[in-house]
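Q: For reference, the file target-v1.txt (compact mmCIF, C-alpha atoms and all ligand atoms) is included below:
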```txt
# COMPACT_ATOMS: atom_id res chain seq x y z
CA MET E 1 1.06 75.02 -10.24
CA THR E 2 3.47 74.70 -7.33
CA ILE E 3 6.12 72.02 -7.30
CA ARG E 4 4.16 70.23 -4.63
CA THR E 5 0.89 70.10 -6.56
CA ARG E 6 2.83 69.01 -9.62
CA ILE E 7 4.36 66.10 -7.69
CA VAL E 8 0.94 65.16 -6.35
CA ALA E 9 -0.59 65.39 -9.83
CA THR E 10 2.16 63.19 -11.28
CA ALA E 11 1.73 60.64 -8.48
CA VAL E 12 -2.03 60.51 -9.02
CA GLY E 13 -1.48 60.12 -12.75
CA LEU E 14 0.87 57.20 -12.17
CA VAL E 15 -1.56 55.45 -9.85
CA LEU E 16 -4.38 55.85 -12.35
CA ALA E 17 -2.21 54.48 -15.15
CA LEU E 18 -1.14 51.38 -13.17
CA PRO E 19 -4.23 49.22 -13.70
CA LEU E 20 -3.94 49.80 -17.45
CA VAL E 21 -0.35 48.61 -17.47
CA ALA E 22 -1.18 45.59 -15.31
CA GLY E 23 -4.21 44.91 -17.50
CA ALA E 24 -1.93 44.00 -20.35
CA GLN E 25 -1.32 40.53 -18.84
CA GLU E 26 -3.86 40.34 -16.07
CA THR E 27 -7.25 38.76 -16.72
CA THR E 28 -10.20 39.67 -14.52
CA LEU E 29 -12.88 37.04 -13.94
CA LYS E 30 -16.34 37.76 -12.58
CA VAL E 31 -17.32 35.49 -9.69
CA VAL E 32 -20.79 34.99 -8.17
CA SER E 33 -22.15 32.93 -5.32
CA ALA E 34 -25.40 30.94 -5.42
CA PHE E 35 -25.44 31.15 -1.60
CA PRO E 36 -26.41 34.33 0.28
CA GLU E 37 -23.67 36.73 1.21
CA SER E 38 -24.24 36.25 4.95
CA SER E 39 -23.34 32.55 4.71
CA LEU E 40 -20.01 31.27 5.98
CA TYR E 41 -19.45 29.75 2.52
CA VAL E 42 -19.30 33.27 1.08
CA LYS E 43 -17.17 34.65 3.92
CA ARG E 44 -14.59 31.94 3.28
CA LEU E 45 -14.81 32.56 -0.46
CA GLU E 46 -14.15 36.27 0.02
CA THR E 47 -11.14 35.60 2.24
CA TRP E 48 -9.75 33.25 -0.41
CA ILE E 49 -10.41 35.74 -3.23
CA ALA E 50 -8.50 38.45 -1.35
CA LYS E 51 -5.52 36.12 -1.07
CA VAL E 52 -5.75 35.11 -4.73
CA ASN E 53 -5.81 38.74 -5.80
CA GLU E 54 -2.87 39.58 -3.55
CA GLU E 55 -0.75 36.72 -4.90
CA GLY E 56 -2.06 36.93 -8.45
CA LYS E 57 -1.13 40.51 -9.25
CA GLY E 58 -0.32 40.79 -12.94
CA VAL E 59 -1.64 37.26 -13.59
CA LEU E 60 -5.27 36.90 -12.57
CA ARG E 61 -7.86 38.90 -10.71
CA LEU E 62 -11.15 37.63 -9.29
CA ASN E 63 -13.92 40.18 -9.08
CA PHE E 64 -16.61 39.05 -6.64
CA ILE E 65 -19.91 40.41 -7.94
CA GLY E 66 -22.10 39.07 -5.13
CA GLY E 67 -24.70 36.51 -4.12
CA PRO E 68 -28.25 35.73 -5.32
CA LYS E 69 -29.10 39.43 -5.66
CA ALA E 70 -26.59 39.56 -8.51
CA VAL E 71 -27.61 36.25 -10.10
CA PRO E 72 -30.55 34.27 -8.61
CA THR E 73 -29.55 30.99 -6.93
CA PHE E 74 -31.10 28.67 -9.50
CA GLU E 75 -29.76 30.74 -12.45
CA VAL E 76 -26.09 30.63 -11.48
CA GLY E 77 -25.45 27.36 -13.35
CA ASN E 78 -26.76 28.75 -16.63
CA ALA E 79 -24.79 31.96 -16.09
CA VAL E 80 -21.59 29.88 -15.87
CA ARG E 81 -22.57 27.64 -18.80
CA THR E 82 -23.14 30.62 -21.11
CA GLY E 83 -20.26 32.70 -19.77
CA VAL E 84 -22.41 35.53 -18.37
CA VAL E 85 -20.14 35.03 -15.37
CA GLU E 86 -16.79 33.29 -15.58
CA MET E 87 -16.77 31.63 -12.19
CA ALA E 88 -19.20 30.62 -9.46
CA MET E 89 -19.54 28.99 -6.10
CA SER E 90 -22.60 26.75 -6.11
CA THR E 91 -23.89 23.29 -5.34
CA GLY E 92 -25.18 20.69 -7.79
CA ALA E 93 -28.75 20.95 -6.50
CA PHE E 94 -28.90 24.54 -7.75
CA TYR E 95 -28.11 23.76 -11.40
CA THR E 96 -30.03 20.58 -12.24
CA ASN E 97 -31.66 22.84 -14.86
CA VAL E 98 -28.33 22.75 -16.73
CA PHE E 99 -27.80 18.96 -16.46
CA PRO E 100 -29.45 16.67 -13.91
CA GLU E 101 -26.32 14.73 -12.92
CA SER E 102 -25.13 17.82 -11.03
CA ASP E 103 -27.12 16.78 -7.95
CA ALA E 104 -25.28 13.44 -7.66
CA LEU E 105 -22.26 14.93 -5.87
CA LYS E 106 -24.20 14.79 -2.58
CA LEU E 107 -23.95 10.99 -2.87
CA THR E 108 -20.14 10.61 -2.89
CA ARG E 109 -18.96 8.32 -0.09
CA MET E 110 -15.28 9.31 -0.06
CA PRO E 111 -13.41 12.58 0.54
CA VAL E 112 -12.61 14.73 -2.46
CA ALA E 113 -8.88 14.17 -1.84
CA GLU E 114 -9.51 10.51 -2.67
CA GLN E 115 -11.73 11.41 -5.64
CA ARG E 116 -8.70 13.27 -7.02
CA THR E 117 -6.56 10.13 -7.04
CA ASN E 118 -9.02 7.34 -7.91
CA GLY E 119 -10.46 8.76 -11.12
CA VAL E 120 -13.80 9.91 -9.68
CA PHE E 121 -12.92 13.59 -9.95
CA ASP E 122 -11.83 13.19 -13.59
CA TYR E 123 -15.06 11.40 -14.47
CA VAL E 124 -17.08 14.15 -12.81
CA ASN E 125 -15.13 16.85 -14.62
CA ARG E 126 -15.68 15.17 -18.00
CA VAL E 127 -19.45 15.12 -17.42
CA TRP E 128 -19.37 18.75 -16.25
CA ASN E 129 -17.32 19.70 -19.35
CA GLN E 130 -19.62 17.93 -21.79
CA LYS E 131 -23.02 18.60 -20.28
CA GLY E 132 -22.49 21.90 -18.49
CA ASN E 133 -19.71 23.58 -20.47
CA MET E 134 -18.09 23.90 -17.04
CA GLN E 135 -14.68 23.16 -15.60
CA TYR E 136 -15.16 21.61 -12.15
CA LEU E 137 -12.39 23.38 -10.22
CA ALA E 138 -12.68 22.27 -6.61
CA ARG E 139 -15.04 20.97 -3.97
CA ILE E 140 -14.75 23.39 -1.10
CA VAL E 141 -17.38 22.00 1.28
CA GLU E 142 -17.58 18.37 2.44
CA HIS E 143 -17.80 16.48 5.76
CA GLN E 144 -21.21 18.11 6.37
CA THR E 145 -24.20 15.78 6.61
CA PHE E 146 -27.66 17.04 5.70
CA HIS E 147 -30.49 16.99 8.24
CA VAL E 148 -34.22 17.48 8.57
CA TYR E 149 -34.99 20.51 10.80
CA LEU E 150 -38.54 20.72 12.16
CA ASN E 151 -40.97 22.77 14.18
CA LYS E 152 -43.21 19.79 14.85
CA LYS E 153 -42.20 16.68 16.72
CA ILE E 154 -42.04 13.30 15.02
CA ASP E 155 -41.40 9.98 16.79
CA LYS E 156 -40.66 7.82 13.76
CA PRO E 157 -39.07 8.46 10.36
CA ASP E 158 -42.33 9.63 8.84
CA LEU E 159 -42.97 13.13 7.49
CA THR E 160 -46.58 12.51 6.45
CA GLY E 161 -48.68 15.63 6.88
CA LEU E 162 -45.66 17.93 7.08
CA LYS E 163 -44.66 20.53 4.54
CA ILE E 164 -40.91 20.71 4.16
CA ARG E 165 -38.70 23.17 2.30
CA VAL E 166 -36.40 21.38 -0.11
CA THR E 167 -33.97 21.67 -2.98
CA PRO E 168 -33.30 18.74 -5.33
CA VAL E 169 -30.90 17.41 -2.64
CA TYR E 170 -33.76 16.30 -0.40
CA ARG E 171 -36.76 16.06 -2.73
CA ASP E 172 -36.80 12.29 -3.40
CA PHE E 173 -35.87 11.26 0.13
CA PHE E 174 -38.36 13.53 1.93
CA THR E 175 -41.10 12.59 -0.52
CA SER E 176 -40.37 8.91 0.19
CA LEU E 177 -40.87 9.71 3.90
CA GLY E 178 -44.32 11.09 3.12
CA ALA E 179 -43.58 14.83 3.18
CA THR E 180 -45.20 17.47 1.03
CA VAL E 181 -42.28 19.44 -0.37
CA MET E 182 -41.74 23.01 -1.46
CA GLN E 183 -38.58 24.20 -3.19
CA THR E 184 -36.97 27.49 -2.19
CA ALA E 185 -33.56 29.09 -2.45
CA PRO E 186 -31.76 29.51 0.91
CA ALA E 187 -32.66 33.21 1.01
CA GLU E 188 -36.39 32.37 1.23
CA VAL E 189 -36.23 29.84 4.07
CA TYR E 190 -36.60 32.33 6.96
CA THR E 191 -39.76 33.91 5.55
CA ALA E 192 -41.28 30.50 4.77
CA LEU E 193 -40.70 29.44 8.39
CA GLU E 194 -41.90 32.74 9.82
CA ARG E 195 -45.14 32.64 7.84
CA GLY E 196 -45.73 29.00 8.71
CA VAL E 197 -45.68 28.08 5.02
CA VAL E 198 -43.37 25.17 5.92
CA ASP E 199 -43.02 23.00 9.05
CA GLY E 200 -39.34 22.42 8.47
CA TYR E 201 -36.48 22.36 6.03
CA GLY E 202 -33.45 20.47 4.86
CA TRP E 203 -29.98 21.91 5.47
CA PRO E 204 -26.49 20.68 6.39
CA ILE E 205 -25.36 20.41 10.02
CA GLY E 206 -23.65 23.81 9.76
CA GLY E 207 -25.02 27.20 8.80
CA ILE E 208 -28.52 27.56 10.27
CA PHE E 209 -27.37 30.55 12.36
CA ASP E 210 -26.06 32.46 9.33
CA LEU E 211 -29.60 33.43 8.29
CA ASN E 212 -31.21 33.24 11.76
CA TRP E 213 -33.18 30.08 11.07
CA HIS E 214 -32.40 28.88 14.61
CA GLU E 215 -35.01 31.39 15.81
CA LYS E 216 -37.64 29.35 13.96
CA THR E 217 -36.29 25.84 14.55
CA LYS E 218 -37.33 23.45 17.36
CA TYR E 219 -35.93 20.07 16.33
CA ARG E 220 -33.12 18.50 14.34
CA VAL E 221 -33.45 14.93 13.13
CA ASP E 222 -30.42 12.62 13.45
CA PRO E 223 -28.67 10.88 11.84
CA GLY E 224 -27.58 13.17 9.05
CA PHE E 225 -27.45 11.80 5.52
CA TYR E 226 -25.35 12.36 2.35
CA ASP E 227 -22.46 14.84 2.26
CA ALA E 228 -23.05 18.52 1.46
CA GLU E 229 -21.14 19.65 -1.60
CA VAL E 230 -20.26 23.23 -2.50
CA SER E 231 -17.86 23.77 -5.36
CA LEU E 232 -16.07 26.27 -7.56
CA LEU E 233 -17.04 26.14 -11.23
CA MET E 234 -15.69 27.93 -14.26
CA ASN E 235 -17.06 28.49 -17.76
CA LEU E 236 -15.17 26.00 -19.92
CA ASP E 237 -14.37 28.46 -22.72
CA THR E 238 -12.92 30.86 -20.16
CA TRP E 239 -10.82 28.04 -18.70
CA LYS E 240 -9.46 27.12 -22.13
CA LYS E 241 -8.65 30.74 -22.95
CA LEU E 242 -6.49 31.23 -19.85
CA SER E 243 -2.74 31.06 -20.36
CA GLN E 244 -0.85 28.09 -18.92
CA THR E 245 0.53 30.39 -16.22
CA GLN E 246 -2.97 31.55 -15.28
CA ARG E 247 -4.34 28.00 -15.21
CA ASP E 248 -1.44 26.80 -13.08
CA PHE E 249 -1.88 29.71 -10.69
CA LEU E 250 -5.63 29.11 -10.37
CA THR E 251 -5.15 25.36 -9.95
CA LYS E 252 -2.67 25.99 -7.14
CA GLN E 253 -5.08 28.38 -5.42
CA THR E 254 -8.22 26.23 -5.76
CA ARG E 255 -6.35 23.14 -4.59
CA ALA E 256 -5.06 25.04 -1.57
CA LEU E 257 -8.63 26.01 -0.67
CA GLU E 258 -9.87 22.44 -1.13
CA ALA E 259 -7.02 21.20 1.06
CA GLN E 260 -8.57 23.15 3.95
CA ASN E 261 -11.69 20.99 3.97
CA ASP E 262 -10.89 19.42 7.34
CA PHE E 263 -12.18 22.74 8.67
CA TRP E 264 -15.70 21.38 8.05
CA LYS E 265 -15.11 18.56 10.53
CA SER E 266 -14.45 20.96 13.39
CA TYR E 267 -17.28 23.19 12.16
CA THR E 268 -19.64 20.20 12.52
CA ILE E 269 -18.66 19.88 16.18
CA GLU E 270 -19.03 23.64 16.81
CA GLU E 271 -22.39 23.94 15.07
CA THR E 272 -23.81 20.85 16.81
CA LYS E 273 -22.90 22.41 20.14
CA ARG E 274 -24.30 25.77 19.14
CA GLN E 275 -27.62 24.22 18.14
CA GLN E 276 -27.82 22.49 21.50
CA GLN E 277 -27.10 25.78 23.29
CA ALA E 278 -29.82 27.44 21.22
CA GLY E 279 -32.29 24.90 22.61
CA ILE E 280 -32.77 22.89 19.44
CA GLU E 281 -33.84 19.39 20.49
CA VAL E 282 -32.47 16.33 18.72
CA ILE E 283 -34.89 13.66 17.49
CA LYS E 284 -32.55 10.72 17.14
CA PHE E 285 -33.14 7.46 15.33
CA GLU E 286 -30.72 4.81 16.51
CA GLY E 287 -29.59 1.30 15.66
CA ALA E 288 -31.62 -0.46 12.98
CA ALA E 289 -33.97 2.52 12.60
CA ALA E 290 -31.01 4.80 11.85
CA GLN E 291 -29.62 2.31 9.34
CA GLN E 292 -32.98 1.98 7.62
CA TYR E 293 -33.32 5.77 7.49
CA LEU E 294 -29.89 6.10 5.86
CA ASP E 295 -30.47 3.25 3.43
CA LYS E 296 -33.71 4.88 2.39
CA ALA E 297 -31.94 8.22 1.89
CA TYR E 298 -29.34 6.72 -0.47
CA GLU E 299 -31.87 4.52 -2.25
CA ALA E 300 -34.17 7.47 -2.92
CA GLY E 301 -31.22 9.68 -3.90
CA TRP E 302 -29.79 7.19 -6.39
CA ALA E 303 -33.20 6.27 -7.77
CA GLY E 304 -33.66 9.96 -8.60
CA ILE E 305 -30.29 10.20 -10.36
CA LEU E 306 -30.71 6.91 -12.27
CA LYS E 307 -34.09 8.06 -13.51
CA VAL E 308 -32.78 11.31 -14.98
CA SER E 309 -29.45 9.93 -16.18
CA PRO E 310 -29.43 6.41 -17.59
CA GLU E 311 -26.24 7.60 -19.31
CA HIS E 312 -24.08 8.46 -16.27
CA GLY E 313 -26.17 7.41 -13.25
CA PRO E 314 -25.04 3.76 -13.05
CA LYS E 315 -21.35 4.65 -13.48
CA MET E 316 -21.57 7.46 -10.92
CA ARG E 317 -23.24 5.11 -8.45
CA GLU E 318 -20.44 2.60 -8.88
CA LEU E 319 -17.67 5.22 -8.66
CA PHE E 320 -19.12 7.26 -5.79
CA SER E 321 -19.84 4.24 -3.63
CA LYS E 322 -16.36 2.73 -3.87
CA LYS E 323 -14.89 2.44 -0.39
O1 LIG A 1 -30.21 24.82 -0.21
C1 LIG A 1 -29.96 23.69 0.22
O2 LIG A 1 -30.53 23.19 1.19
C2 LIG A 1 -28.96 22.87 -0.47
O3 LIG A 1 -29.28 22.18 -1.40
C3 LIG A 1 -27.55 22.93 0.02
C4 LIG A 1 -26.56 22.22 -0.66
C5 LIG A 1 -25.25 22.28 -0.20
C6 LIG A 1 -24.95 23.03 0.90
C7 LIG A 1 -25.93 23.73 1.57
C8 LIG A 1 -27.25 23.67 1.13
```
Have the structure of the file written as structure tokens, please.

A:
Amino acid sequence: MTIRTRIVATAVGLVLALPLVAGAQETTLKVVSAFPESSLYVKRLETWIAKVNEEGKGVLRLNFIGGPKAVPTFEVGNAVRTGVVEMAMSTGAFYTNVFPESDALKLTRMPVAEQRTNGVFDYVNRVWNQKGNMQYLARIVEHQTFHVYLNKKIDKPDLTGLKIRVTPVYRDFFTSLGATVMQTAPAEVYTALERGVVDGYGWPIGGIFDLNWHEKTKYRVDPGFYDAEVSLLMNLDTWKKLSQTQRDFLTKQTRALEAQNDFWKSYTIEETKRQQQAGIEVIKFEGAAAQQYLDKAYEAGWAGILKVSPEHGPKMRELFSKK
């Protein structure tokens, strides 16, 4: 062995040994996304994870496993509840199979920053702790209304005779408008549209380009309703096992991400423009018709929550509606 190869061998040995040394204090948490990897939600998550890992050396490491190919969209909630994964990005509509109150977050009428100070966030976290064995870390998408997207024209708020792709978010409202509904994960929407299995779908104002749905979309219905929610969740046992330093670090990082939510306001403007440029026509209900449409959306949404949760539904309705 020459001196040079010995130096190289020593250097390689040191590099290999480093993760073991760091591993003494550092905890690695598996993270999955219930949304497809091509979505902007995941791109922003990955950017944030890279920053967390850079700043968290020796404290905490997030290991992004992937999207629905790793854990199917509607199984992510149970994976977090049982600790199969430690952390996830999902939305309440995807884990109503864990506890049905999860879908109520779409009905909040105030920004999450306000929910943090007026007790709403704490109430939500207590329910998530008790019923989902989850720590509700941060809401990282808001300021995004949901819309009906269609391939067939309507001239009044009536979806009779149309088959629409839904998740629990839209089920009660679209059904009340006369639609026949079919539930799919986001990853199945394109194929459903392409095969003509559905005449339209529900989705927020932003994101339809991420999976090429614009190719199969002719109309958007305005106004938008509710407020899209995407959040970071952690298995509660994992949360409790973290050291104070690790919890403080993670809290700082998740809060910093949540504090960027004004991004979604500008994204709304960009995506609205992009849809227009893509030739998507807007079917717009205005004045009293728009108000009726929105009232119906919230009525149907709350009726659904109250039905499944006599325990928390009424309190959530009161808290979420506070202006
Ligand atoms: O899949 C969905 O349409 C859905 O429920 C949802 C929820 C939040 C953000 C984006 C989509």

Q: In terms of the shortest atom-to-atom distance over only C-alpha atoms and all ligand atoms, which of E:Gln244, E:Asn63, E:Thr73, E:Thr167 is closest to ligand LIG 1 (chain A)?

A: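 Looking at the shortest contact to ligand LIG 1 (chain A), the residue is E:Thr167.
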
Q: Would you mind listing the residues within 9 Å of ligand LIG 1 (chain A), counting all atoms listed in the file, as a PyMOL selection string?

A: chain E and resi 35+41+90-94+103+106+141-142+144+146+165-170+183-187+189+201-204+206-207+227-230

Q: For a quick check of understanding, using all atoms listed in the file, which of E:Leu40, E:Val112, E:Ile154, E:Ala303 has the smallest distance to E:Phe209?

A: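 Smallest distance to E:Phe209 is found for E:Leu40.
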
Q: Pick out the residues sitting within 10 Å of E:Leu107, and hand them over as a list in words; count all atoms listed in the file, and ignore anything fewer than 3 positions along from it in its own chain.

A: Asp103, Ala104, Met110, Val169, Phe225, Tyr226, Asp227, Ala228, Glu229, Ala297, Tyr298, Gly301, Trp302, Ile305, Met316, Arg317, Phe320 and Ser321 of chain E

Q: Looking at E:Gln276, E:Lys152, E:Ala113, E:Ser231, which one is nearest to E:Asp262, with distances taken over all atoms listed in the file?

A: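 Among E:Gln276, E:Lys152, E:Ala113, E:Ser231, it is E:Ala113 that comes nearest to E:Asp262.
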
Q: Can you measure atom CA of E:Arg220 to atom CA of E:Thr145 for me? One decimal in Å is fine.

A: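 Atom CA of E:Thr145 lies at a distance of 12.1 Å from atom CA of E:Arg220.
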
Q: List every protein, DNA or RNA residue with an atom no more than 8 Å from (-45.0, 18.7, 3.0) in the file's coordinates, counting all atoms listed in the file, and format the result as a list in words.

A: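 Residues found, by chain and rising number: Leu159, Thr160, Gly161, Leu162, Lys163, Ile164, Arg165, Gly178, Ala179, Thr180, Val181, Met182, Val198 and Asp199 of chain E.
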
Q: Write out the residues from the selection above, keeping C-alpha atoms, as a PDB file, in the coordinates of the input.

A:
```pdb
ATOM      1  CA  LEU E 159     -42.970  13.130   7.490  1.00  0.00           C
ATOM      2  CA  THR E 160     -46.580  12.510   6.450  1.00  0.00           C
ATOM      3  CA  GLY E 161     -48.680  15.630   6.880  1.00  0.00           C
ATOM      4  CA  LEU E 162     -45.660  17.930   7.080  1.00  0.00           C
ATOM      5  CA  LYS E 163     -44.660  20.530   4.540  1.00  0.00           C
ATOM      6  CA  ILE E 164     -40.910  20.710   4.160  1.00  0.00           C
ATOM      7  CA  ARG E 165     -38.700  23.170   2.300  1.00  0.00           C
ATOM      8  CA  GLY E 178     -44.320  11.090   3.120  1.00  0.00           C
ATOM      9  CA  ALA E 179     -43.580  14.830   3.180  1.00  0.00           C
ATOM     10  CA  THR E 180     -45.200  17.470   1.030  1.00  0.00           C
ATOM     11  CA  VAL E 181     -42.280  19.440  -0.370  1.00  0.00           C
ATOM     12  CA  MET E 182     -41.740  23.010  -1.460  1.00  0.00           C
ATOM     13  CA  VAL E 198     -43.370  25.170   5.920  1.00  0.00           C
ATOM     14  CA  ASP E 199     -43.020  23.000   9.050  1.00  0.00           C
TER      15      ASP E 199
END
```

Q: With distances taken over all atoms listed in the file, which residue among E:Val32, E:Leu62, E:Ala259, E:Ala70 lies nearest E:Ile140?

A: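 Distance minimum relative to E:Ile140 lands on E:Ala259.
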
Q: Name the residues in contact with E:Asp222 at a cut-off of 9 Å, using all atoms listed in the file, excluding same-chain residues fewer than 5 positions from it; report them as a PyMOL selection string.

A: chain E and resi 147-148+282-286+290

Q: Grab all the atoms of stretch 229-239 of chain E that the file lists, wrap them in a box along x, y and z, add 5 Å per side, and give me centre plus edge lengths in Å (one decimal) as JSON.

A:
```
{"center_x": -16.0, "center_y": 25.3, "center_z": -12.2, "size_x": 20.3, "size_y": 21.2, "size_z": 31.1}
```

Q: Under the rule that only C-alpha atoms are counted, which of E:Lys153, E:Leu319, E:Thr108, E:Leu232 is the nearest residue to E:Leu45?

A: E:Leu232

Q: Applying 9 Å and only C-alpha atoms, which residues near E:Val80 remain after dropping the ones on its own chain fewer than 2 positions away? List them as a list in words.

A: Glu75, Val76, Gly77, Asn78, Thr82, Gly83, Val84, Val85, Glu86, Met87, Ala88, Gly132, Asn133, Met134, Leu233, Met234, Asn235 and Leu236 of chain E

Q: Kindly save the residues from that selection, with C-alpha atoms included, as a tab-separated table (two decimals), keeping the file's coordinate frame.

A:
```
chain	number	residue	atom	x	y	z
E	75	GLU	CA	-29.76	30.74	-12.45
E	76	VAL	CA	-26.09	30.63	-11.48
E	77	GLY	CA	-25.45	27.36	-13.35
E	78	ASN	CA	-26.76	28.75	-16.63
E	82	THR	CA	-23.14	30.62	-21.11
E	83	GLY	CA	-20.26	32.70	-19.77
E	84	VAL	CA	-22.41	35.53	-18.37
E	85	VAL	CA	-20.14	35.03	-15.37
E	86	GLU	CA	-16.79	33.29	-15.58
E	87	MET	CA	-16.77	31.63	-12.19
E	88	ALA	CA	-19.20	30.62	-9.46
E	132	GLY	CA	-22.49	21.90	-18.49
E	133	ASN	CA	-19.71	23.58	-20.47
E	134	MET	CA	-18.09	23.90	-17.04
E	233	LEU	CA	-17.04	26.14	-11.23
E	234	MET	CA	-15.69	27.93	-14.26
E	235	ASN	CA	-17.06	28.49	-17.76
E	236	LEU	CA	-15.17	26.00	-19.92
```

Q: From the list E:Val52, E:Ala138, E:Val31, E:Val42, which residue is nearest E:Asp210 when using all atoms listed in the file?

A: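 Smallest distance to E:Asp210 is found for E:Val42.
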
Q: Expressed in Å to a single decimal, how great is the separation between atom CA of E:Gln260 and atom CA of E:Asn125?

A: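 Separating atom CA of E:Gln260 from atom CA of E:Asn125 is a distance of 20.7 Å.
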
Q: Give me the stretch 66-159 of chain E side of the contact with stretch 309-315 of chain E, cut-off 10 Å, one line per residue showing its nearest atom pair and distance in Å at one decimal, counting all atoms listed in the file, sorted by chain and residue number, as CSV.

A:
```
residue,atom,partner,partner_atom,distance
E:Phe99,CA,E:Ser309,CA,9.2
E:Pro100,CA,E:Ser309,CA,7.1
E:Glu101,CA,E:Ser309,CA,6.6
E:Ala104,CA,E:Gly313,CA,8.3
E:Val120,CA,E:Lys315,CA,10.0
E:Tyr123,CA,E:Lys315,CA,9.3
E:Val124,CA,E:His312,CA,9.7
E:Val127,CA,E:His312,CA,8.2
```

Q: Work out how far apart atom CA of E:Arg126 and atom CA of E:Gln253 are and give it in Å to one decimal.

A: 21.1 Å
